[in-house]
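Data from coords_31.txt: compact mmCIF, C-alpha atoms
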```txt
# COMPACT_ATOMS: atom_id res chain seq x y z
CA MET P 641 0.00 0.00 0.00
CA THR P 642 1.46 3.35 -1.04
CA LEU P 643 1.86 6.26 1.33
CA ASP P 644 -0.81 8.18 -0.65
CA ARG P 645 -3.32 5.36 -0.18
CA ILE P 646 -2.54 5.10 3.53
CA ALA P 647 -3.06 8.86 3.91
CA ARG P 648 -6.37 8.64 2.02
CA ALA P 649 -7.56 5.74 4.16
CA CYS P 650 -6.70 7.65 7.35
CA ALA P 651 -8.42 10.80 6.08
CA MET P 652 -11.55 8.86 5.13
CA SER P 653 -11.62 7.15 8.54
CA VAL P 654 -11.33 10.49 10.33
CA ALA P 655 -14.02 11.99 8.06
CA LEU P 656 -16.41 9.17 8.85
CA LEU P 657 -15.75 9.48 12.58
CA VAL P 658 -16.30 13.25 12.43
CA SER P 659 -19.50 12.75 10.43
CA ALA P 660 -20.92 10.72 13.32
CA CYS P 661 -20.83 13.93 15.37
CA TYR P 662 -23.34 15.59 13.04
CA PRO P 663 -26.56 13.57 13.37
CA ALA P 664 -28.71 16.07 11.40
CA LEU P 665 -26.74 15.20 8.28
CA ASP P 666 -26.57 11.59 7.13
CA TRP P 667 -23.12 11.54 5.51
CA ARG P 668 -22.39 8.83 2.95
CA GLU P 669 -19.90 8.31 0.15
CA VAL P 670 -21.30 9.04 -3.30
CA THR P 671 -19.39 7.81 -6.32
CA SER P 672 -19.85 8.64 -9.97
CA ALA P 673 -18.34 6.20 -12.43
CA SER P 674 -19.18 8.47 -15.38
CA GLY P 675 -17.95 11.55 -13.50
CA GLY P 676 -14.83 9.85 -12.20
CA TYR P 677 -15.15 11.11 -8.63
CA ALA P 678 -16.15 10.19 -5.09
CA VAL P 679 -17.31 12.56 -2.35
CA LEU P 680 -19.10 12.48 0.99
CA MET P 681 -22.60 14.00 0.84
CA PRO P 682 -25.11 14.51 3.66
CA ALA P 683 -27.87 12.50 1.90
CA GLN P 684 -28.55 10.67 -1.34
CA PRO P 685 -28.11 13.33 -4.06
CA ASP P 686 -30.47 14.36 -6.82
CA HIS P 687 -28.97 14.15 -10.32
CA ALA P 688 -29.51 16.48 -13.26
CA GLN P 689 -27.92 17.62 -16.49
CA ARG P 690 -28.18 20.99 -18.18
CA GLU P 691 -26.45 23.12 -20.75
CA ILE P 692 -24.65 26.19 -19.50
CA ALA P 693 -22.63 28.89 -21.24
CA LEU P 694 -19.26 29.66 -19.64
CA GLY P 695 -16.05 31.17 -20.97
CA GLY P 696 -17.32 31.31 -24.53
CA LEU P 697 -18.44 27.66 -24.50
CA VAL P 698 -21.73 25.88 -24.11
CA VAL P 699 -21.17 22.69 -22.10
CA VAL P 700 -23.38 20.00 -20.63
CA MET P 701 -22.97 19.94 -16.86
CA SER P 702 -23.81 16.73 -15.01
CA MET P 703 -24.71 17.53 -11.42
CA ALA P 704 -25.30 15.72 -8.14
CA SER P 705 -26.71 17.85 -5.33
CA VAL P 706 -28.22 17.70 -1.86
CA ARG P 707 -30.23 20.40 -0.08
CA ARG P 708 -30.50 20.14 3.71
CA ASP P 709 -31.35 22.59 6.47
CA GLY P 710 -30.67 25.78 4.51
CA MET P 711 -27.53 24.34 2.91
CA ALA P 712 -26.75 22.93 -0.55
CA PHE P 713 -23.88 20.60 -1.43
CA GLY P 714 -23.12 19.87 -5.06
CA VAL P 715 -20.63 18.36 -7.47
CA ALA P 716 -20.81 19.03 -11.19
CA TYR P 717 -18.61 18.14 -14.11
CA ALA P 718 -18.41 18.87 -17.82
CA ASP P 719 -16.10 17.86 -20.62
CA LEU P 720 -14.42 20.69 -22.48
CA PRO P 721 -13.30 20.33 -26.10
CA ALA P 722 -9.83 18.79 -26.29
CA ASP P 723 -8.53 21.78 -28.27
CA TYR P 724 -9.97 24.38 -25.86
CA ALA P 725 -7.12 26.59 -24.64
CA ARG P 726 -8.84 29.24 -22.49
CA HIS P 727 -8.96 27.26 -19.25
CA ALA P 728 -8.24 30.23 -16.98
CA GLU P 729 -11.07 32.19 -18.61
CA PHE P 730 -13.42 29.23 -18.17
CA LEU P 731 -12.58 28.87 -14.46
CA ALA P 732 -13.04 32.62 -13.93
CA ALA P 733 -16.44 32.53 -15.66
CA ALA P 734 -17.53 29.57 -13.50
CA ARG P 735 -16.36 31.32 -10.32
CA ASP P 736 -18.03 34.61 -11.24
CA GLY P 737 -21.30 32.85 -12.09
CA LEU P 738 -21.41 31.11 -8.72
CA VAL P 739 -20.71 34.34 -6.85
CA ARG P 740 -23.39 36.17 -8.87
CA ASN P 741 -25.94 33.54 -7.77
CA ILE P 742 -25.74 34.91 -4.23
CA ASP P 743 -25.17 38.54 -5.25
CA GLY P 744 -21.86 38.11 -3.48
CA ARG P 745 -18.23 39.02 -3.31
CA ILE P 746 -15.15 36.82 -2.95
CA THR P 747 -13.59 37.06 0.50
CA SER P 748 -10.61 34.76 -0.13
CA ALA P 749 -9.18 32.54 -2.84
CA HIS P 750 -6.19 30.28 -3.38
CA GLU P 751 -4.93 27.67 -5.83
CA VAL P 752 -5.48 23.98 -5.14
CA THR P 753 -4.37 20.68 -6.63
CA ILE P 754 -6.36 17.52 -5.98
CA ASP P 755 -5.26 14.19 -7.42
CA GLY P 756 -3.33 16.04 -10.13
CA ALA P 757 -6.23 18.34 -11.05
CA ALA P 758 -5.36 22.01 -10.68
CA GLY P 759 -7.70 24.86 -9.94
CA GLN P 760 -8.86 27.21 -7.26
CA GLU P 761 -10.79 27.28 -4.02
CA PHE P 762 -12.65 30.40 -3.00
CA TYR P 763 -14.95 31.72 -0.30
CA ALA P 764 -17.70 34.27 -0.93
CA GLU P 765 -20.37 36.04 1.06
CA GLY P 766 -23.57 37.48 -0.30
CA ASN P 767 -27.31 37.74 -0.08
CA LEU P 768 -30.13 35.71 -1.57
CA GLY P 769 -33.76 36.54 -0.97
CA GLY P 770 -32.85 38.78 1.95
CA ARG P 771 -30.78 36.07 3.65
CA SER P 772 -27.07 36.26 4.35
CA MET P 773 -25.28 33.49 2.42
CA ARG P 774 -21.85 31.85 2.35
CA LEU P 775 -20.34 30.02 -0.59
CA VAL P 776 -17.25 27.82 -0.71
CA ALA P 777 -16.19 26.16 -3.94
CA ARG P 778 -13.39 24.25 -5.60
CA LEU P 779 -13.11 24.54 -9.36
CA LEU P 780 -10.74 22.04 -10.98
CA LEU P 781 -9.49 20.97 -14.37
CA ALA P 782 -8.34 17.38 -14.88
CA GLY P 783 -7.23 17.24 -18.50
CA SER P 784 -10.25 18.45 -20.45
CA ARG P 785 -12.73 17.69 -17.66
CA PHE P 786 -13.99 20.52 -15.47
CA TYR P 787 -15.15 19.82 -11.89
CA GLN P 788 -17.10 22.12 -9.59
CA VAL P 789 -17.45 21.18 -5.91
CA VAL P 790 -19.73 23.70 -4.21
CA PHE P 791 -21.23 24.40 -0.81
CA VAL P 792 -23.69 27.26 -0.41
CA GLY P 793 -25.77 27.98 2.64
CA GLN P 794 -27.34 30.50 4.91
CA SER P 795 -24.70 32.14 7.04
CA ASP P 796 -26.46 31.14 10.26
CA ARG P 797 -26.41 27.48 9.17
CA PHE P 798 -22.85 27.48 7.85
CA THR P 799 -20.45 25.26 9.77
CA ASP P 800 -16.76 24.90 9.00
CA ALA P 801 -16.98 21.21 9.96
CA ASP P 802 -19.63 20.46 7.30
CA VAL P 803 -17.78 22.36 4.60
CA ASP P 804 -14.40 20.85 5.50
CA LEU P 805 -15.86 17.34 5.53
CA PHE P 806 -17.58 17.81 2.17
CA LEU P 807 -14.79 19.58 0.27
CA GLY P 808 -12.04 17.51 1.87
CA SER P 809 -13.66 14.24 0.87
CA PHE P 810 -13.75 14.99 -2.88
CA ARG P 811 -11.35 12.83 -4.87
CA LEU P 812 -10.90 11.78 -8.45
CA THR P 813 -11.36 8.10 -9.19
CA ARG P 814 -10.48 8.04 -12.87
CA LYS P 815 -6.91 8.55 -13.95
```
Let me see the structure of the file written as structure tokens.
Amino acid sequence: MTLDRIARACAMSVALLVSACYPALDWREVTSASGGYAVLMPAQPDHAQREIALGGLVVVMSMASVRRDGMAFGVAYADLPADYARHAEFLAAARDGLVRNIDGRITSAHEVTIDGAAGQEFYAEGNLGGRSMRLVARLLLAGSRFYQVVFVGQSDRFTDADVDLFLGSFRLTRK
């Protein structure tokens, strides 16, 4: 067993133990063979597909999402054309669209790499329907596949533990 696999096994064990402390959310691992990912979600997700326009492209996004107690957890992915070269513009358009959804502003951002996929993680605060909202997202590119791992919720329901568990559990399963 490689050191990376041992670290993943330890992280998953800790995540499952921590999830037992949050009885309102029924955490379980969700895998997507077609999406090539696994993630912990607080319930069985709903699945949908839709076309969206981002960064000068129209792509089909496949989404899995859960709404619970004023919070939403979601993972989406889309395949970009193999010859598409404006990845930074695409990531910026995805980020800006998410922030616009809560009429928000980015409060912090940094680069991330997960299982070889590079991208960014950002935090935003905003307002939706008169309610204060928080958004945390990871946007990643793995080859020509785009991933979006998003938490959005009412500020009074936001917990770092839920967000850390959700975002930290995301991993790519296809290489």
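The environment of segment 785-802 of chain P within 6 Å, counting all atoms listed in the file and disregarding residues fewer than 5 places along the same chain, consists of Gly710, Met711, Ala712, Phe713, Gly714, Val715, Ala716, Tyr717, Ala718, Asp719, Leu720, Ser772, Met773, Arg774, Leu775, Val776, Ala777, Arg778, Leu779 and Leu780 of chain P.
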May I have the selected residues written with C-alpha atoms, as a PDB file, keeping the file's coordinate frame?
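Saved result, result08.pdb, follows:
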```
ATOM      1  CA  GLY P 710     -30.670  25.780   4.510  1.00  0.00           C
ATOM      2  CA  MET P 711     -27.530  24.340   2.910  1.00  0.00           C
ATOM      3  CA  ALA P 712     -26.750  22.930  -0.550  1.00  0.00           C
ATOM      4  CA  PHE P 713     -23.880  20.600  -1.430  1.00  0.00           C
ATOM      5  CA  GLY P 714     -23.120  19.870  -5.060  1.00  0.00           C
ATOM      6  CA  VAL P 715     -20.630  18.360  -7.470  1.00  0.00           C
ATOM      7  CA  ALA P 716     -20.810  19.030 -11.190  1.00  0.00           C
ATOM      8  CA  TYR P 717     -18.610  18.140 -14.110  1.00  0.00           C
ATOM      9  CA  ALA P 718     -18.410  18.870 -17.820  1.00  0.00           C
ATOM     10  CA  ASP P 719     -16.100  17.860 -20.620  1.00  0.00           C
ATOM     11  CA  LEU P 720     -14.420  20.690 -22.480  1.00  0.00           C
ATOM     12  CA  SER P 772     -27.070  36.260   4.350  1.00  0.00           C
ATOM     13  CA  MET P 773     -25.280  33.490   2.420  1.00  0.00           C
ATOM     14  CA  ARG P 774     -21.850  31.850   2.350  1.00  0.00           C
ATOM     15  CA  LEU P 775     -20.340  30.020  -0.590  1.00  0.00           C
ATOM     16  CA  VAL P 776     -17.250  27.820  -0.710  1.00  0.00           C
ATOM     17  CA  ALA P 777     -16.190  26.160  -3.940  1.00  0.00           C
ATOM     18  CA  ARG P 778     -13.390  24.250  -5.600  1.00  0.00           C
ATOM     19  CA  LEU P 779     -13.110  24.540  -9.360  1.00  0.00           C
ATOM     20  CA  LEU P 780     -10.740  22.040 -10.980  1.00  0.00           C
TER      21      LEU P 780
END
```
Would you compute an axis-aligned box for segment 687-699 of chain P, covering every atom listed for it in the file with 8 Å of margin on each side, and report centre and edge lengths in Å to one decimal as JSON?
```
{"center_x": -22.8, "center_y": 22.7, "center_z": -17.4, "size_x": 29.5, "size_y": 33.2, "size_z": 30.2}
```
### Message
For a test of reading the model, state the distance in Å between atom CA of Met701 of chain P and atom CA of Gly676 of chain P, rounded to one decimal.
### Response
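Atom CA of Met701 of chain P sits 13.8 Å away from atom CA of Gly676 of chain P.
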### Close residues, Phe810 of chain P itself excluded, 10 Å, all atoms listed in the file, min 5 positions apart in chain, as a PyMOL selection string
chain P and resi 669-671+677-681+715+754-755+778+789+805
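The two atoms in question, atom CA of Ala728 of chain P and atom CA of Ile692 of chain P, are spaced 17.1 Å apart.
Compared by their closest atoms to Tyr724 of chain P, and using only C-alpha atoms, the residues P:Leu768, P:Gly783, P:Asp736, P:Ile742 rank with P:Gly783 nearest.
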### Message
I'd like the neighbourhood of Leu731 of chain P as a list in words, where a residue qualifies if any of its atoms comes within 8 Å (using only C-alpha atoms), though same-chain residues fewer than 2 positions away should be ignored.
### Response
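The residues that qualify are Gly695, His727, Ala728, Glu729, Ala733, Ala734, Arg735, Gly759, Leu779 and Leu780 of chain P.
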### Task
For Glu751 of chain P, work out the shell of residues within 9 Å, counting all atoms listed in the file and skipping chain neighbours fewer than 2 positions away, then give it as a list in words.
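What passes the distance filter is Ala749, Thr753, Ala758, Gly759, Gln760, Glu761 and Phe762 of chain P.
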### Message
Every residue with an atom at most 12 Å from (-6.9, 35.5, 4.0) (file coordinates; all atoms listed in the file) is what I'm after, so could you write them as an MDAnalysis selection string?
### Response
chainID P and resid 746:750 762:764
### Query
For the atom pair atom CA of Gly766 of chain P and atom CA of Arg740 of chain P, what is the interatomic distance in Å to one decimal place?
8.7 Å
### Task
Give the answer as one residue: which of P:Val699, P:Ser705, P:Gly756, P:Ser672 has the shortest atom-to-atom distance to His687 of chain P, using only C-alpha atoms?
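Once distances to His687 of chain P are computed over only C-alpha atoms, the minimum belongs to P:Ser705.
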## Note on the structure
Using only C-alpha atoms, the residue out of P:Ala688, P:Ala693, P:Leu812, P:Val706 with shortest distance to Asp666 of chain P is P:Val706
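Nearest to Leu694 of chain P of all the residues P:Ala782, P:Val739, P:Ala732, P:Leu807 is P:Ala732, based on only C-alpha atoms.
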